[in-house]
Amino acid sequence: MMKQLLLVGFGGGLGSIFRYLTSILTAKYYTNTFPLATFITNVLGCFIIGLLIGSFGQNISSNQNLRLLFITGFCGGYTTFSTFAAENISLLQNNNYLTLIAYTLASIVVGFLAVGLGLVITK
């Protein structure tokens, strides 16, 4: 159990670092009300998890450590749907209804497409 916790923790730490770097890089080049850093992170995270799931295949037991490190840990630390929800509340409170609708729909649709693309690429 300790090994699994360390794998998830290490992967999550790396994912969080990459999430922060994505925010810094995006903020350097983009200043608008649309939460682009979180959008990029969620879509990229969906794509990465699609690649990983496709690469590791359906046999969970043979790749359990890699799954814990990369899918549960890294992707869990990198993607930020809790931030997504908080930003949607903020958009709602600031009466940015069109941005709220566009952001929510784009995140869900493009996220699903990214997971699917990741799966297709690995087949």
# chains A, B, ... in the order shown; residues from 1 in each chain; ligands from 1
>>> residues_around(residues="Phe84 in chain A", least_positions_apart="5", cutoff="10 Å", atoms="only C-alpha atoms", output="list in words")
Pro35, Thr38, Phe39, Asn42, Thr79, Ile89, Ser90, Tyr103, Thr104 and Ser107 of chain A
>>> residues_around(residues="range 12-27 of chain A", least_positions_apart="4", cutoff="7 Å", atoms="only C-alpha atoms", output="PyMOL selection string")
chain A and resi 8+31+37+41+73-78
>>> write_last_selection(atoms="all heavy atoms", output="mmCIF file, in the first residue's frame")
data_model
loop_
_atom_site.group_PDB
_atom_site.id
_atom_site.type_symbol
_atom_site.label_atom_id
_atom_site.label_comp_id
_atom_site.auth_asym_id
_atom_site.auth_seq_id
_atom_site.Cartn_x
_atom_site.Cartn_y
_atom_site.Cartn_z
ATOM 1 N N VAL A 8 1.258 7.407 -6.515
ATOM 2 C CA VAL A 8 0.206 8.401 -6.748
ATOM 3 C C VAL A 8 0.689 9.788 -6.308
ATOM 4 O O VAL A 8 0.502 10.782 -7.025
ATOM 5 C CB VAL A 8 -1.098 8.018 -6.022
ATOM 6 C CG1 VAL A 8 -2.120 9.150 -6.077
ATOM 7 C CG2 VAL A 8 -1.687 6.743 -6.616
ATOM 8 N N THR A 31 -4.600 37.394 -21.837
ATOM 9 C CA THR A 31 -5.288 38.103 -20.750
ATOM 10 C C THR A 31 -6.706 38.433 -21.210
ATOM 11 O O THR A 31 -6.950 39.433 -21.855
ATOM 12 C CB THR A 31 -4.558 39.410 -20.384
ATOM 13 O OG1 THR A 31 -4.436 40.215 -21.568
ATOM 14 C CG2 THR A 31 -3.172 39.143 -19.835
ATOM 15 N N ALA A 37 -6.213 28.942 -19.390
ATOM 16 C CA ALA A 37 -5.232 28.030 -18.783
ATOM 17 C C ALA A 37 -5.913 26.752 -18.293
ATOM 18 O O ALA A 37 -5.406 25.646 -18.533
ATOM 19 C CB ALA A 37 -4.490 28.710 -17.639
ATOM 20 N N THR A 41 -5.468 23.035 -19.860
ATOM 21 C CA THR A 41 -5.100 21.955 -18.942
ATOM 22 C C THR A 41 -6.093 20.808 -19.009
ATOM 23 O O THR A 41 -5.699 19.637 -19.096
ATOM 24 C CB THR A 41 -5.005 22.491 -17.501
ATOM 25 O OG1 THR A 41 -3.989 23.488 -17.445
ATOM 26 C CG2 THR A 41 -4.684 21.384 -16.510
ATOM 27 N N GLY A 73 -2.081 9.506 -10.522
ATOM 28 C CA GLY A 73 -1.201 10.536 -9.980
ATOM 29 C C GLY A 73 -1.059 11.738 -10.887
ATOM 30 O O GLY A 73 -1.590 12.814 -10.601
ATOM 31 N N PHE A 74 -0.339 11.568 -12.001
ATOM 32 C CA PHE A 74 -0.037 12.713 -12.867
ATOM 33 C C PHE A 74 -1.288 13.390 -13.396
ATOM 34 O O PHE A 74 -1.459 14.597 -13.245
ATOM 35 C CB PHE A 74 0.873 12.301 -14.035
ATOM 36 C CG PHE A 74 1.232 13.462 -14.913
ATOM 37 C CD1 PHE A 74 2.276 14.307 -14.562
ATOM 38 C CD2 PHE A 74 0.511 13.744 -16.056
ATOM 39 C CE1 PHE A 74 2.593 15.411 -15.346
ATOM 40 C CE2 PHE A 74 0.811 14.837 -16.844
ATOM 41 C CZ PHE A 74 1.864 15.673 -16.494
ATOM 42 N N CYS A 75 -2.170 12.604 -14.045
ATOM 43 C CA CYS A 75 -3.372 13.215 -14.622
ATOM 44 C C CYS A 75 -4.286 13.796 -13.546
ATOM 45 O O CYS A 75 -4.879 14.848 -13.739
ATOM 46 C CB CYS A 75 -4.120 12.204 -15.482
ATOM 47 S SG CYS A 75 -3.272 11.819 -17.029
ATOM 48 N N GLY A 76 -4.367 13.122 -12.402
ATOM 49 C CA GLY A 76 -5.171 13.647 -11.301
ATOM 50 C C GLY A 76 -4.628 14.952 -10.755
ATOM 51 O O GLY A 76 -5.381 15.844 -10.383
ATOM 52 N N GLY A 77 -3.296 15.071 -10.713
ATOM 53 C CA GLY A 77 -2.679 16.308 -10.247
ATOM 54 C C GLY A 77 -2.702 17.411 -11.291
ATOM 55 O O GLY A 77 -2.671 18.592 -10.981
ATOM 56 N N TYR A 78 -2.743 17.030 -12.556
ATOM 57 C CA TYR A 78 -2.671 18.014 -13.645
ATOM 58 C C TYR A 78 -4.032 18.599 -13.997
ATOM 59 O O TYR A 78 -4.164 19.794 -14.155
ATOM 60 C CB TYR A 78 -2.051 17.365 -14.886
ATOM 61 C CG TYR A 78 -1.862 18.333 -16.029
ATOM 62 C CD1 TYR A 78 -0.955 19.377 -15.929
ATOM 63 C CD2 TYR A 78 -2.599 18.208 -17.197
ATOM 64 C CE1 TYR A 78 -0.789 20.279 -16.967
ATOM 65 C CE2 TYR A 78 -2.437 19.100 -18.242
ATOM 66 C CZ TYR A 78 -1.530 20.135 -18.117
ATOM 67 O OH TYR A 78 -1.374 21.026 -19.149
#
>>> atom_distance(atom1="CA of Thr99 in chain A", atom2="CA of Leu119 in chain A")
29.4 Å
>>> residues_around(residues="Leu117 in chain A", least_positions_apart="5", cutoff="12 Å", atoms="only C-alpha atoms", output="PyMOL selection string")
chain A and resi 43-44+46-54+110-112+122-123
>>> atom_distance(atom1="CA of Ala86 in chain A", atom2="CA of Leu100 in chain A")
11.2 Å
>>> closest_residue(among="A:Asn94, A:Thr83, A:Asn65, A:Ser55", to="Leu6 in chain A", atoms="only C-alpha atoms")
A:Asn65
>>> atom_distance(atom1="CA of Leu68 in chain A", atom2="CA of Leu7 in chain A")
6.1 Å
>>> select_by_dssp(residues="range 11-108 of chain A", states="helix (DSSP H, G or I)", output="ChimeraX atom specification")
/A:11-29,36-56,61-78,81-93,97-108
>>> closest_residue(among="A:Leu98, A:Leu91, A:Thr33, A:Gly45", to="Leu113 in chain A", atoms="only C-alpha atoms")
A:Gly45
>>> decode(residues="range 29-100 of chain A", atoms="C-alpha atoms", output="tab-separated table (two decimals), in the first residue's frame")
chain	number	residue	atom	x	y	z
A	29	TYR	CA	0.47	35.39	-23.55
A	30	TYR	CA	-3.25	35.62	-22.79
A	31	THR	CA	-5.29	38.10	-20.75
A	32	ASN	CA	-9.04	37.76	-21.23
A	33	THR	CA	-12.08	36.63	-19.20
A	34	PHE	CA	-12.16	33.12	-20.74
A	35	PRO	CA	-10.23	30.82	-18.36
A	36	LEU	CA	-7.89	29.56	-21.08
A	37	ALA	CA	-5.23	28.03	-18.78
A	38	THR	CA	-7.76	25.70	-17.17
A	39	PHE	CA	-9.34	24.96	-20.55
A	40	ILE	CA	-5.93	24.01	-22.02
A	41	THR	CA	-5.10	21.95	-18.94
A	42	ASN	CA	-8.39	20.05	-19.00
A	43	VAL	CA	-8.24	19.32	-22.73
A	44	LEU	CA	-4.56	18.35	-22.64
A	45	GLY	CA	-5.18	16.23	-19.53
A	46	CYS	CA	-8.07	14.47	-21.29
A	47	PHE	CA	-5.85	13.81	-24.30
A	48	ILE	CA	-3.01	12.48	-22.12
A	49	ILE	CA	-5.32	10.19	-20.16
A	50	GLY	CA	-6.73	8.88	-23.44
A	51	LEU	CA	-3.20	8.12	-24.65
A	52	LEU	CA	-2.31	6.44	-21.37
A	53	ILE	CA	-5.45	4.33	-21.15
A	54	GLY	CA	-4.99	3.29	-24.75
A	55	SER	CA	-1.31	2.50	-24.21
A	56	PHE	CA	-1.79	0.49	-21.02
A	57	GLY	CA	-4.71	-1.45	-22.46
A	58	GLN	CA	-7.47	-3.14	-20.57
A	59	ASN	CA	-5.25	-5.41	-18.44
A	60	ILE	CA	-5.19	-3.35	-15.24
A	61	SER	CA	-3.17	-5.79	-13.14
A	62	SER	CA	-0.14	-5.93	-15.45
A	63	ASN	CA	0.25	-2.15	-15.53
A	64	GLN	CA	-1.09	-1.19	-12.10
A	65	ASN	CA	2.01	0.74	-10.97
A	66	LEU	CA	2.18	2.72	-14.22
A	67	ARG	CA	-1.53	3.44	-14.01
A	68	LEU	CA	-1.17	4.71	-10.44
A	69	LEU	CA	1.82	6.89	-11.34
A	70	PHE	CA	0.56	8.39	-14.59
A	71	ILE	CA	-3.25	8.16	-14.67
A	72	THR	CA	-4.24	8.48	-11.02
A	73	GLY	CA	-1.20	10.54	-9.98
A	74	PHE	CA	-0.04	12.71	-12.87
A	75	CYS	CA	-3.37	13.21	-14.62
A	76	GLY	CA	-5.17	13.65	-11.30
A	77	GLY	CA	-2.68	16.31	-10.25
A	78	TYR	CA	-2.67	18.01	-13.65
A	79	THR	CA	-6.34	18.28	-14.55
A	80	THR	CA	-8.45	20.69	-12.58
A	81	PHE	CA	-12.16	20.23	-12.92
A	82	SER	CA	-12.64	21.63	-9.43
A	83	THR	CA	-11.11	24.87	-10.68
A	84	PHE	CA	-13.37	24.55	-13.71
A	85	ALA	CA	-16.43	24.56	-11.45
A	86	ALA	CA	-15.18	27.49	-9.37
A	87	GLU	CA	-14.45	29.55	-12.49
A	88	ASN	CA	-17.93	28.82	-13.83
A	89	ILE	CA	-19.44	30.09	-10.60
A	90	SER	CA	-17.31	33.23	-10.92
A	91	LEU	CA	-18.43	33.76	-14.52
A	92	LEU	CA	-22.03	33.31	-13.40
A	93	GLN	CA	-21.64	35.77	-10.51
A	94	ASN	CA	-20.08	38.32	-12.89
A	95	ASN	CA	-22.92	37.91	-15.41
A	96	ASN	CA	-20.59	36.54	-18.11
A	97	TYR	CA	-23.28	34.17	-19.36
A	98	LEU	CA	-22.01	33.69	-22.91
A	99	THR	CA	-18.48	32.96	-21.70
A	100	LEU	CA	-19.91	30.57	-19.10
